[in-house]
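J.: Take a look at protein.txt, compact mmCIF, C-alpha atoms:
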```
# COMPACT_ATOMS: atom_id res chain seq x y z
CA MET A 1 63.30 137.15 16.86
CA SER A 2 59.65 138.05 16.91
CA GLN A 3 57.95 138.69 20.23
CA ALA A 4 57.73 135.50 22.30
CA PRO A 5 54.29 133.93 22.67
CA CYS A 6 52.72 133.31 26.06
CA TRP A 7 54.39 129.96 26.60
CA LYS A 8 51.97 128.85 29.32
CA ASN A 9 49.01 128.89 26.91
CA LEU A 10 50.49 126.80 24.09
CA ASP A 11 49.60 123.21 23.31
CA TRP A 12 52.80 121.45 24.39
CA LYS A 13 52.62 118.67 21.78
CA LYS A 14 51.83 121.00 18.92
CA GLU A 15 54.56 123.44 19.91
CA LEU A 16 57.18 120.66 19.75
CA THR A 17 56.59 120.55 15.99
CA ASN A 18 57.99 124.09 15.83
CA ASN A 19 61.38 123.02 17.19
CA VAL A 20 64.44 123.95 15.15
CA ARG A 21 65.85 120.69 13.79
CA SER A 22 68.26 121.57 10.97
CA VAL A 23 71.23 123.72 10.08
CA ASP A 24 69.07 125.48 7.51
CA GLN A 25 66.65 126.53 10.25
CA LEU A 26 69.54 127.71 12.47
CA LYS A 27 70.62 130.03 9.66
CA ALA A 28 67.51 132.10 10.36
CA TYR A 29 69.17 133.04 13.66
CA VAL A 30 72.94 132.98 13.00
CA ALA A 31 75.15 133.35 9.92
CA PHE A 32 77.70 130.59 9.32
CA ASP A 33 80.66 130.70 6.95
CA PRO A 34 80.74 127.86 4.37
CA ASP A 35 83.34 125.76 6.22
CA GLU A 36 81.50 126.07 9.51
CA GLU A 37 78.20 125.21 7.87
CA ALA A 38 79.69 122.08 6.31
CA ALA A 39 81.10 121.01 9.70
CA LEU A 40 77.76 121.59 11.43
CA ARG A 41 75.99 119.39 8.90
CA GLN A 42 78.41 116.59 9.82
CA VAL A 43 77.75 117.19 13.52
CA ALA A 44 73.98 117.18 13.05
CA ALA A 45 74.17 113.75 11.43
CA LEU A 46 75.91 112.44 14.58
CA HIS A 47 73.76 114.15 17.24
CA PRO A 48 70.59 115.66 15.75
CA ILE A 49 69.65 119.28 16.30
CA ASN A 50 66.48 119.81 18.34
CA ILE A 51 65.82 123.19 19.99
CA PRO A 52 62.45 124.47 21.23
CA ARG A 53 61.48 128.03 20.38
CA TYR A 54 61.19 128.71 24.11
CA TYR A 55 64.85 127.88 24.71
CA LEU A 56 65.92 129.83 21.63
CA SER A 57 64.21 132.86 23.16
CA LEU A 58 66.72 132.78 26.06
CA ILE A 59 69.75 133.27 23.77
CA ASN A 60 71.50 136.60 23.35
CA PHE A 61 72.27 136.36 19.64
CA ASP A 62 74.53 139.42 19.83
CA ASP A 63 76.97 137.31 21.85
CA PRO A 64 78.59 134.46 19.86
CA ARG A 65 79.79 132.99 23.18
CA ASP A 66 76.39 133.06 24.81
CA PRO A 67 76.21 130.14 27.33
CA ILE A 68 72.61 129.26 26.49
CA ARG A 69 73.49 129.03 22.81
CA ARG A 70 76.49 126.86 23.66
CA MET A 71 74.26 124.25 25.30
CA CYS A 72 71.90 123.85 22.35
CA PHE A 73 73.66 124.91 19.12
CA PRO A 74 75.88 122.31 17.42
CA SER A 75 79.57 123.14 17.25
CA ALA A 76 82.39 122.06 14.97
CA ASP A 77 84.21 121.13 18.21
CA GLU A 78 81.93 118.07 18.36
CA LEU A 79 83.94 116.54 15.54
CA VAL A 80 86.95 116.26 17.90
CA VAL A 81 87.14 112.77 19.36
CA ALA A 82 90.69 112.82 20.79
CA GLY A 83 92.85 115.57 22.21
CA ALA A 84 94.68 117.02 25.18
CA MET A 85 91.98 116.18 27.75
CA GLY A 86 92.38 112.43 27.18
CA ALA A 87 90.39 109.50 25.83
CA THR A 88 86.64 109.53 25.32
CA THR A 89 83.89 106.94 25.48
CA THR A 90 80.29 106.60 24.33
CA ASP A 91 79.25 104.95 27.64
CA PRO A 92 81.03 106.70 30.54
CA TYR A 93 78.53 105.64 33.18
CA GLY A 94 78.68 101.94 32.29
CA ASP A 95 75.02 101.66 31.31
CA ASP A 96 75.65 98.68 29.04
CA LYS A 97 77.15 96.64 31.88
CA HIS A 98 74.04 97.02 34.03
CA ASP A 99 71.35 96.64 31.36
CA LYS A 100 68.81 94.03 32.49
CA GLY A 101 66.60 94.39 29.42
CA ASN A 102 63.28 96.18 28.93
CA GLY A 103 64.96 99.51 29.63
CA VAL A 104 66.07 98.54 33.17
CA LEU A 105 69.53 99.53 34.39
CA HIS A 106 70.29 98.00 37.81
CA LYS A 107 73.66 99.29 38.97
CA TYR A 108 73.03 99.83 42.68
CA ASP A 109 71.15 97.24 44.77
CA CYS A 110 68.39 99.54 46.07
CA THR A 111 67.86 101.58 42.88
CA ALA A 112 66.60 100.71 39.41
CA LEU A 113 66.79 103.18 36.55
CA LEU A 114 64.35 102.96 33.65
CA ILE A 115 65.15 104.29 30.20
CA THR A 116 61.55 105.28 29.53
CA THR A 117 62.14 106.96 26.17
CA GLU A 118 64.94 108.08 23.89
CA ARG A 119 63.20 111.37 23.11
CA CYS A 120 63.92 114.78 24.67
CA ALA A 121 62.30 118.17 24.19
CA MET A 122 65.80 119.47 23.36
CA HIS A 123 69.06 117.79 22.39
CA CYS A 124 71.65 119.27 24.74
CA ARG A 125 75.11 119.34 23.20
CA HIS A 126 76.72 118.06 26.43
CA CYS A 127 74.39 115.03 26.72
CA PHE A 128 76.15 111.95 28.12
CA ARG A 129 73.59 109.64 26.47
CA ARG A 130 73.90 111.32 23.08
CA ARG A 131 74.68 107.98 21.42
CA MET A 132 70.98 107.09 21.73
CA VAL A 133 68.96 110.28 22.33
CA GLY A 134 67.09 111.35 19.22
CA HIS A 135 68.00 108.29 17.17
CA SER A 136 65.56 105.43 17.80
CA PRO A 137 62.37 105.91 19.86
CA ARG A 138 61.45 102.83 21.91
CA GLU A 139 58.15 101.09 22.44
CA THR A 140 57.80 102.29 26.00
CA LEU A 141 54.63 100.56 27.15
CA ARG A 142 55.64 97.14 25.86
CA GLN A 143 59.01 97.50 27.55
CA PHE A 144 57.50 98.77 30.77
CA ALA A 145 55.54 95.58 31.37
CA GLY A 146 58.81 93.64 31.43
CA ALA A 147 60.50 96.34 33.50
CA LEU A 148 57.75 96.19 36.12
CA ASP A 149 58.10 92.41 36.31
CA TYR A 150 61.83 92.80 36.97
CA ILE A 151 61.30 95.39 39.71
CA ALA A 152 58.55 93.31 41.31
CA ALA A 153 60.91 90.33 41.49
CA HIS A 154 63.74 92.31 43.11
CA LYS A 155 62.54 93.29 46.57
CA GLU A 156 65.83 95.03 47.35
CA ILE A 157 64.79 97.86 45.00
CA ASN A 158 63.19 100.60 47.13
CA ASN A 159 63.30 103.40 44.57
CA VAL A 160 63.03 103.75 40.80
CA ILE A 161 64.37 106.51 38.58
CA LEU A 162 62.41 107.29 35.43
CA SER A 163 65.01 108.57 33.02
CA GLY A 164 65.72 108.66 29.32
CA GLY A 165 65.69 110.71 27.21
CA ASP A 166 63.14 112.72 29.14
CA PRO A 167 60.14 110.99 30.74
CA LEU A 168 58.06 114.19 30.66
CA THR A 169 58.03 114.08 26.86
CA LEU A 170 55.90 110.93 27.10
CA ASP A 171 52.17 111.29 26.61
CA THR A 172 50.57 111.72 30.02
CA PRO A 173 48.60 108.42 29.91
CA VAL A 174 51.82 106.52 29.19
CA LEU A 175 53.66 108.19 32.06
CA GLU A 176 50.70 107.64 34.38
CA THR A 177 50.65 103.93 33.55
CA MET A 178 54.28 103.75 34.65
CA LEU A 179 53.66 105.66 37.86
CA GLU A 180 50.61 103.55 38.72
CA GLY A 181 52.61 100.39 38.16
CA LEU A 182 55.36 101.55 40.51
CA ALA A 183 52.83 102.73 43.11
CA SER A 184 51.37 99.22 43.20
CA LEU A 185 54.65 97.69 44.45
CA ASP A 186 54.87 97.73 48.23
CA HIS A 187 58.67 97.57 48.34
CA VAL A 188 59.06 100.66 46.14
CA ALA A 189 59.00 103.57 48.60
CA PHE A 190 59.62 106.44 46.22
CA ALA A 191 60.23 107.35 42.60
CA ARG A 192 62.42 109.91 40.91
CA ILE A 193 61.86 111.53 37.54
CA GLY A 194 64.95 112.85 35.79
CA THR A 195 63.93 115.69 33.49
CA ARG A 196 65.25 118.87 31.87
CA VAL A 197 61.76 119.85 30.71
CA PRO A 198 61.31 122.51 33.47
CA VAL A 199 64.41 124.19 32.02
CA THR A 200 64.16 123.68 28.26
CA TYR A 201 60.42 123.25 27.73
CA PRO A 202 58.49 124.39 30.83
CA LEU A 203 55.19 124.76 28.95
CA ARG A 204 54.82 120.98 29.31
CA LEU A 205 54.17 121.51 33.04
CA PHE A 206 51.09 123.66 32.36
CA ASP A 207 49.24 120.57 31.14
CA GLN A 208 46.77 119.93 33.95
CA SER A 209 46.53 116.22 33.17
CA LEU A 210 50.28 115.85 33.83
CA THR A 211 50.27 117.64 37.16
CA ASP A 212 47.16 115.68 38.20
CA ALA A 213 49.05 112.43 37.45
CA LEU A 214 52.05 113.58 39.48
CA ARG A 215 49.77 114.61 42.35
CA ARG A 216 48.05 111.23 42.44
CA PHE A 217 51.37 109.41 42.64
CA ALA A 218 52.74 111.78 45.30
CA ALA A 219 49.69 111.06 47.46
CA ARG A 220 50.77 107.38 47.57
CA LYS A 221 54.57 107.40 47.38
CA GLY A 222 57.43 109.83 47.70
CA LEU A 223 58.04 111.73 44.46
CA TYR A 224 61.29 113.48 43.63
CA ILE A 225 62.00 115.48 40.48
CA ALA A 226 65.66 115.69 39.48
CA THR A 227 66.00 118.58 37.09
CA HIS A 228 68.99 120.13 35.35
CA TYR A 229 69.63 123.87 35.43
CA ASN A 230 73.19 124.75 34.42
CA HIS A 231 73.06 128.54 34.16
CA PRO A 232 71.17 131.22 36.11
CA ARG A 233 69.62 132.62 32.91
CA GLU A 234 67.70 129.36 32.54
CA ILE A 235 65.71 130.36 35.64
CA THR A 236 63.00 132.40 33.96
CA PRO A 237 59.54 133.42 35.22
CA THR A 238 57.99 130.71 33.03
CA SER A 239 60.38 128.08 34.33
CA ALA A 240 59.85 129.20 37.94
CA ALA A 241 56.07 128.93 37.46
CA ALA A 242 56.52 125.39 36.11
CA ILE A 243 58.57 124.46 39.19
CA GLU A 244 55.84 125.87 41.43
CA ARG A 245 53.30 123.60 39.73
CA ILE A 246 55.51 120.57 40.38
CA ARG A 247 55.97 121.50 44.03
CA LEU A 248 52.23 121.98 44.50
CA CYS A 249 51.84 118.35 43.42
CA GLY A 250 53.77 117.30 46.52
CA ALA A 251 57.07 116.56 44.78
CA VAL A 252 60.51 117.58 46.04
CA VAL A 253 62.64 119.17 43.30
CA ASN A 254 66.42 118.73 43.26
CA ASN A 255 68.90 120.07 40.73
CA GLN A 256 71.78 118.25 39.06
CA ALA A 257 74.03 120.66 37.20
CA VAL A 258 77.05 119.81 35.07
CA LEU A 259 80.21 121.89 35.24
CA LEU A 260 80.69 123.06 31.66
CA ARG A 261 83.39 125.13 30.03
CA GLY A 262 81.96 128.33 28.60
CA VAL A 263 78.67 127.91 30.47
CA ASN A 264 79.11 127.96 34.23
CA ASP A 265 82.89 127.87 34.67
CA SER A 266 83.12 130.79 37.08
CA ALA A 267 82.52 130.93 40.81
CA ASP A 268 80.17 133.90 40.42
CA THR A 269 78.01 132.01 37.91
CA LEU A 270 77.85 128.88 40.07
CA ALA A 271 76.92 130.89 43.15
CA GLU A 272 74.27 132.83 41.23
CA LEU A 273 72.84 129.55 39.94
CA MET A 274 72.57 128.02 43.42
CA ASN A 275 70.97 131.14 44.89
CA GLY A 276 68.56 131.31 41.98
CA LEU A 277 67.53 127.70 42.51
CA LEU A 278 66.87 128.25 46.21
CA ALA A 279 64.75 131.28 45.36
CA ILE A 280 62.33 129.10 43.36
CA GLY A 281 62.31 126.20 45.84
CA VAL A 282 64.77 123.88 44.07
CA ASN A 283 67.43 122.14 46.16
CA PRO A 284 71.03 122.28 44.87
CA TYR A 285 71.91 118.56 44.85
CA TYR A 286 74.81 117.65 42.56
CA VAL A 287 77.32 119.47 40.39
CA TYR A 288 78.73 116.83 38.04
CA GLN A 289 82.18 116.81 36.54
CA CYS A 290 81.58 116.69 32.79
CA MET A 291 81.97 113.09 31.66
CA PRO A 292 84.55 112.00 29.06
CA VAL A 293 81.85 111.56 26.44
CA ALA A 294 82.91 111.29 22.84
CA ARG A 295 82.36 114.62 21.03
CA VAL A 296 81.72 116.39 24.36
CA ARG A 297 84.81 116.13 26.53
CA HIS A 298 87.24 118.25 24.60
CA HIS A 299 85.20 121.43 24.51
CA PHE A 300 83.03 121.16 27.64
CA GLN A 301 85.16 119.41 30.29
CA LEU A 302 87.24 121.42 32.77
CA PRO A 303 90.37 120.04 34.46
CA LEU A 304 89.56 118.76 37.95
CA LYS A 305 92.06 121.13 39.55
CA GLU A 306 90.17 124.07 38.03
CA GLY A 307 86.80 122.55 38.97
CA VAL A 308 87.79 122.08 42.61
CA ALA A 309 88.91 125.70 42.85
CA LEU A 310 85.68 126.98 41.24
CA VAL A 311 83.45 124.91 43.51
CA ASP A 312 85.33 125.99 46.64
CA GLN A 313 85.13 129.66 45.63
CA ALA A 314 81.42 129.38 44.87
CA ARG A 315 80.67 127.67 48.19
CA ALA A 316 82.42 130.49 50.03
CA MET A 317 79.78 132.86 48.60
CA LEU A 318 76.80 130.74 49.62
CA SER A 319 74.65 130.09 52.66
CA GLY A 320 74.48 126.64 54.20
CA TYR A 321 71.55 125.61 51.99
CA GLY A 322 73.28 126.87 48.86
CA LYS A 323 76.50 124.95 49.52
CA ARG A 324 74.84 121.60 50.29
CA PHE A 325 75.41 120.32 46.75
CA LYS A 326 78.06 117.66 46.18
CA TYR A 327 80.67 117.92 43.44
CA ILE A 328 80.40 114.50 41.81
CA ILE A 329 82.05 112.17 39.34
CA GLY A 330 79.38 109.85 37.96
CA HIS A 331 81.75 106.95 37.32
CA ASP A 332 81.37 103.43 36.01
CA ILE A 333 82.41 102.12 39.46
CA GLY A 334 79.87 104.29 41.29
CA LYS A 335 79.35 107.89 42.37
CA LEU A 336 82.46 109.61 43.69
CA GLU A 337 82.30 112.84 45.68
CA ILE A 338 85.13 115.23 44.89
CA CYS A 339 85.95 116.44 48.41
CA GLY A 340 88.83 118.69 47.41
CA ARG A 341 92.58 118.61 47.08
CA ASP A 342 95.63 118.65 49.29
CA GLY A 343 98.40 120.08 47.18
CA ASP A 344 98.67 117.80 44.18
CA THR A 345 96.49 115.09 45.70
CA LEU A 346 92.82 114.76 44.73
CA ILE A 347 90.58 113.63 47.61
CA LEU A 348 87.53 111.54 46.67
CA LYS A 349 84.93 109.62 48.64
CA GLN A 350 82.95 106.82 47.02
CA LEU A 351 79.27 107.36 47.82
CA HIS A 352 77.79 104.32 46.09
CA ALA A 353 79.21 101.03 44.98
CA ARG A 354 77.98 98.69 42.26
CA SER A 355 76.15 95.52 43.13
CA GLY A 356 78.68 92.90 44.23
CA HIS A 357 81.26 95.50 45.30
CA ALA A 358 80.01 96.44 48.77
CA GLU A 359 83.59 96.69 50.06
CA GLN A 360 84.07 99.80 47.91
CA ALA A 361 81.24 101.80 49.48
CA SER A 362 82.30 104.84 51.54
CA ARG A 363 86.01 104.37 50.86
CA MET A 364 88.32 107.35 50.58
CA LEU A 365 90.49 107.65 47.48
CA LEU A 366 93.64 109.76 47.18
CA LEU A 367 94.86 110.25 43.61
CA PRO A 368 97.66 112.30 42.02
CA LEU A 369 96.35 115.52 40.50
CA ASP A 370 97.97 117.45 37.68
CA ASP A 371 96.87 120.52 35.76
CA ALA A 372 95.32 118.56 32.88
CA LEU A 373 93.51 115.73 34.74
CA GLY A 374 89.81 115.82 33.84
CA TRP A 375 88.69 112.32 34.82
CA VAL A 376 89.79 109.39 36.96
CA ASP A 377 90.34 105.85 35.74
CA PHE A 378 89.78 102.66 37.71
CA ASP A 379 89.60 98.99 36.78
```
Rewrite the structure of this file - the entire thing - as structure tokens.
T.:
Amino acid sequence: MSQAPCWKNLDWKKELTNNVRSVDQLKAYVAFDPDEEAALRQVAALHPINIPRYYLSLINFDDPRDPIRRMCFPSADELVVAGAMGATTTDPYGDDKHDKGNGVLHKYDCTALLITTERCAMHCRHCFRRRMVGHSPRETLRQFAGALDYIAAHKEINNVILSGGDPLTLDTPVLETMLEGLASLDHVAFARIGTRVPVTYPLRLFDQSLTDALRRFAARKGLYIATHYNHPREITPTSAAAIERIRLCGAVVNNQAVLLRGVNDSADTLAELMNGLLAIGVNPYYVYQCMPVARVRHHFQLPLKEGVALVDQARAMLSGYGKRFKYIIGHDIGKLEICGRDGDTLILKQLHARSGHAEQASRMLLLPLDDALGWVDFD
């Protein structure tokens, strides 16, 4: 590759037009044999390619197994929809069951999640919402008016998650309209923004109008940024500087990683990731078990027995702050903390329960564990 530009000085919207979006463009970086190229064209039709030049600059192209490449390059493995790991689904988190219209998902009584956009700066190959990301952009402002009405009418909602897609790919005035609307509701105490932009496209955070909008909201309500670093090499000087700008706005930054085969499936890598996050002021929050997503599970998901061992080994290397993260299954029935194992028994604790299922909150679950189990099934 040519020498990287100074990412901080680029126009973030203009630079998005330079993203790699086709197999033909990928061939400028990597050679594919004819069969592989044909398979990748099939994959790209199912989950479009979209990789910023910034993220491409993090890849070691001398290593065909490079973990950064694995998260952004399409793979023929994505054509596998059934195999040894078990069944797959397009909606593992049960979004469709909790869709209230206008982009509102209301699964837990006190929390509403807003699908603010179906656009991301990069299409991650492990995305659990890949069925919609990159396919059909929504009319966000028109939807938001209805979403705000719903939240205003449900006083039990004390926090709102702006999700997607990636909310930070919205034009700043659109995002600010959303934040101002939420700030106007007395019963909403804080907001969260779920974003991978600090990792995949940190130049967005050097837009002063964006950080000014975040600062104005944080002066009125609590503001939490949930970002998504999976590998220590994603923590670059540019990314760290973007995180600093968020923190100076008054926001708290938490990280939600996903345990991924071939990316962070070693205790050393997990420990290095957590220490790297703490060094830039990001709180390790969750490590998710990879969901049984169609065209993701069979090449990214680790068996739970292996995941438990990795997490325990990583925690043994970490300080108290580094080991505060929870190992989580983001399940249709609610969030389940993977506490560990006792022999061939998996020990789970349910952290949240769906609306109407209060009796399930905080219950302990003991399930049989075998070498191949990668997910848990409940009615």
J.: Using only C-alpha atoms, which of A:Phe300, A:Phe190, A:Phe325, A:Tyr285 sits nearest Ala251 (chain A)?
T.: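 Looking only at the distances to Ala251 (chain A), the closest residue turns out to be A:Phe190.
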J.: In file coordinates, which residues lie within 12 Å of (55.0, 100.2, 42.3) using all atoms listed in the file, given as a PDB file with C-alpha atoms, in the coordinates of the input?
T.:
```
ATOM      1  CA  ALA A 112      66.600 100.710  39.410  1.00  0.00           C
ATOM      2  CA  PHE A 144      57.500  98.770  30.770  1.00  0.00           C
ATOM      3  CA  ALA A 145      55.540  95.580  31.370  1.00  0.00           C
ATOM      4  CA  ALA A 147      60.500  96.340  33.500  1.00  0.00           C
ATOM      5  CA  LEU A 148      57.750  96.190  36.120  1.00  0.00           C
ATOM      6  CA  ASP A 149      58.100  92.410  36.310  1.00  0.00           C
ATOM      7  CA  TYR A 150      61.830  92.800  36.970  1.00  0.00           C
ATOM      8  CA  ILE A 151      61.300  95.390  39.710  1.00  0.00           C
ATOM      9  CA  ALA A 152      58.550  93.310  41.310  1.00  0.00           C
ATOM     10  CA  ALA A 153      60.910  90.330  41.490  1.00  0.00           C
ATOM     11  CA  HIS A 154      63.740  92.310  43.110  1.00  0.00           C
ATOM     12  CA  LYS A 155      62.540  93.290  46.570  1.00  0.00           C
ATOM     13  CA  ILE A 157      64.790  97.860  45.000  1.00  0.00           C
ATOM     14  CA  ASN A 158      63.190 100.600  47.130  1.00  0.00           C
ATOM     15  CA  ASN A 159      63.300 103.400  44.570  1.00  0.00           C
ATOM     16  CA  VAL A 160      63.030 103.750  40.800  1.00  0.00           C
ATOM     17  CA  ILE A 161      64.370 106.510  38.580  1.00  0.00           C
ATOM     18  CA  GLU A 176      50.700 107.640  34.380  1.00  0.00           C
ATOM     19  CA  THR A 177      50.650 103.930  33.550  1.00  0.00           C
ATOM     20  CA  MET A 178      54.280 103.750  34.650  1.00  0.00           C
ATOM     21  CA  LEU A 179      53.660 105.660  37.860  1.00  0.00           C
ATOM     22  CA  GLU A 180      50.610 103.550  38.720  1.00  0.00           C
ATOM     23  CA  GLY A 181      52.610 100.390  38.160  1.00  0.00           C
ATOM     24  CA  LEU A 182      55.360 101.550  40.510  1.00  0.00           C
ATOM     25  CA  ALA A 183      52.830 102.730  43.110  1.00  0.00           C
ATOM     26  CA  SER A 184      51.370  99.220  43.200  1.00  0.00           C
ATOM     27  CA  LEU A 185      54.650  97.690  44.450  1.00  0.00           C
ATOM     28  CA  ASP A 186      54.870  97.730  48.230  1.00  0.00           C
ATOM     29  CA  HIS A 187      58.670  97.570  48.340  1.00  0.00           C
ATOM     30  CA  VAL A 188      59.060 100.660  46.140  1.00  0.00           C
ATOM     31  CA  ALA A 189      59.000 103.570  48.600  1.00  0.00           C
ATOM     32  CA  PHE A 190      59.620 106.440  46.220  1.00  0.00           C
ATOM     33  CA  ALA A 191      60.230 107.350  42.600  1.00  0.00           C
ATOM     34  CA  PHE A 217      51.370 109.410  42.640  1.00  0.00           C
ATOM     35  CA  ARG A 220      50.770 107.380  47.570  1.00  0.00           C
ATOM     36  CA  LYS A 221      54.570 107.400  47.380  1.00  0.00           C
ATOM     37  CA  GLY A 222      57.430 109.830  47.700  1.00  0.00           C
TER      38      GLY A 222
END
```
J.: Go ahead and compute the interatomic distance for CA of Phe73 (chain A) and CA of Pro34 (chain A), in Å to one decimal.
T.: 16.6 Å
J.: Closest to Ile49 (chain A) among A:Thr227, A:Leu348, A:Pro74, A:Glu36, using only C-alpha atoms?
T.: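 Closest residue, counting only C-alpha atoms: A:Pro74.
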J.: I'd like to know which of A:Cys124, A:Arg233, A:Asn18, A:Asp171 is closest to Ile59 (chain A), using only C-alpha atoms.
T.: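 Of A:Cys124, A:Arg233, A:Asn18, A:Asp171, the one nearest Ile59 (chain A), counting only C-alpha atoms, is A:Arg233.
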J.: For a test of reading the model, state the distance in Å between CA of Val258 (chain A) and CA of Leu16 (chain A), rounded to one decimal.
T.: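 One can read the CA of Val258 (chain A) to CA of Leu16 (chain A) distance as 25.1 Å.
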J.: Check the smallest atom-to-atom distance from each of A:Gly334, A:Pro368, A:Gly262, A:Pro237 to Tyr108 (chain A) using only C-alpha atoms, then report the winner.
T.: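 Closest candidate: A:Gly334.
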J.: Kindly extract all protein, DNA and RNA residues lying within 9 Å of the coordinates (86.0, 123.8, 11.9) given in the file, considering only C-alpha atoms, and supply them as an NGL selection string.
T.: :A and (35-40 or 75-77 or 79)
J.: When distances are computed from only C-alpha atoms, which of A:Ala372, A:Ala31, A:Ile246, A:Ala271 shows the smallest separation from Ser319 (chain A)?
T.: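 Looking at the shortest contact to Ser319 (chain A), the residue is A:Ala271.
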J.: Quick one: 5 Å padding each side, axis-aligned, all listed atoms of region 123-129 of chain A - centre and edge lengths in Å to one decimal, as lines of an AutoDock Vina configuration file?
T.:
```
center_x = 72.9
center_y = 114.5
center_z = 25.3
size_x = 17.7
size_y = 19.7
size_z = 15.7
```
J.: Figure out the distance between CA of Leu278 (chain A) and CA of Ala314 (chain A), please, to one decimal in Å.
T.: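 Here the two named atoms are 14.7 Å from each other.
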J.: Can you tell me, as a PyMOL selection string, what residues are no more than 10 Å from region 61-68 of chain A when counting all atoms listed in the file, ignoring any on the same chain fewer than 2 positions away?
T.: chain A and resi 1+29-30+55-59+70-73+230-234+260-264
J.: Can you tell me, as a ChimeraX atom specification, what residues are no more than 12 Å from Thr169 (chain A) when counting all atoms listed in the file, ignoring any on the same chain fewer than 2 positions away?
T.: /A:12-13,16,116-122,137,140,162-167,171-175,193-198,200-205,207,210
J.: Return the single residue from A:Glu156, A:Asp268, A:Asp344, A:Glu15 that is closest to Gln313 (chain A), with distances computed using only C-alpha atoms.
T.: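 Looking at the shortest contact to Gln313 (chain A), the residue is A:Asp268.
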J.: Kindly output region 71-76 of chain A as a tab-separated table (two decimals), in the frame of the given file, after building all heavy atoms.
T.:
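Heads up, here's the output in part-v8.tsv:
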```tsv
chain	number	residue	atom	x	y	z
A	71	MET	N	74.86	125.51	24.86
A	71	MET	CA	74.26	124.25	25.30
A	71	MET	C	73.32	123.63	24.28
A	71	MET	O	72.97	122.45	24.42
A	71	MET	CB	73.54	124.44	26.64
A	71	MET	CG	74.47	124.58	27.82
A	71	MET	SD	73.60	124.63	29.39
A	71	MET	CE	73.11	126.37	29.47
A	72	CYS	N	72.89	124.40	23.28
A	72	CYS	CA	71.90	123.85	22.35
A	72	CYS	C	72.31	123.91	20.88
A	72	CYS	O	71.82	123.11	20.08
A	72	CYS	CB	70.55	124.54	22.53
A	72	CYS	SG	70.51	126.30	22.13
A	73	PHE	N	73.21	124.83	20.50
A	73	PHE	CA	73.66	124.91	19.12
A	73	PHE	C	74.78	123.89	18.87
A	73	PHE	O	75.69	123.74	19.70
A	73	PHE	CB	74.20	126.31	18.80
A	73	PHE	CG	73.19	127.25	18.23
A	73	PHE	CD1	71.96	127.42	18.84
A	73	PHE	CD2	73.47	127.98	17.08
A	73	PHE	CE1	71.01	128.30	18.31
A	73	PHE	CE2	72.54	128.86	16.55
A	73	PHE	CZ	71.30	129.02	17.17
A	74	PRO	N	74.76	123.19	17.75
A	74	PRO	CA	75.88	122.31	17.42
A	74	PRO	C	77.14	123.13	17.21
A	74	PRO	O	77.09	124.32	16.89
A	74	PRO	CB	75.42	121.63	16.14
A	74	PRO	CG	74.48	122.59	15.51
A	74	PRO	CD	73.76	123.25	16.65
A	75	SER	N	78.27	122.48	17.41
A	75	SER	CA	79.57	123.14	17.25
A	75	SER	C	80.51	122.23	16.48
A	75	SER	O	80.48	121.00	16.64
A	75	SER	CB	80.16	123.46	18.63
A	75	SER	OG	81.52	123.78	18.54
A	76	ALA	N	81.38	122.84	15.68
A	76	ALA	CA	82.39	122.06	14.97
A	76	ALA	C	83.31	121.33	15.95
A	76	ALA	O	83.93	120.31	15.58
A	76	ALA	CB	83.21	122.97	14.06
```
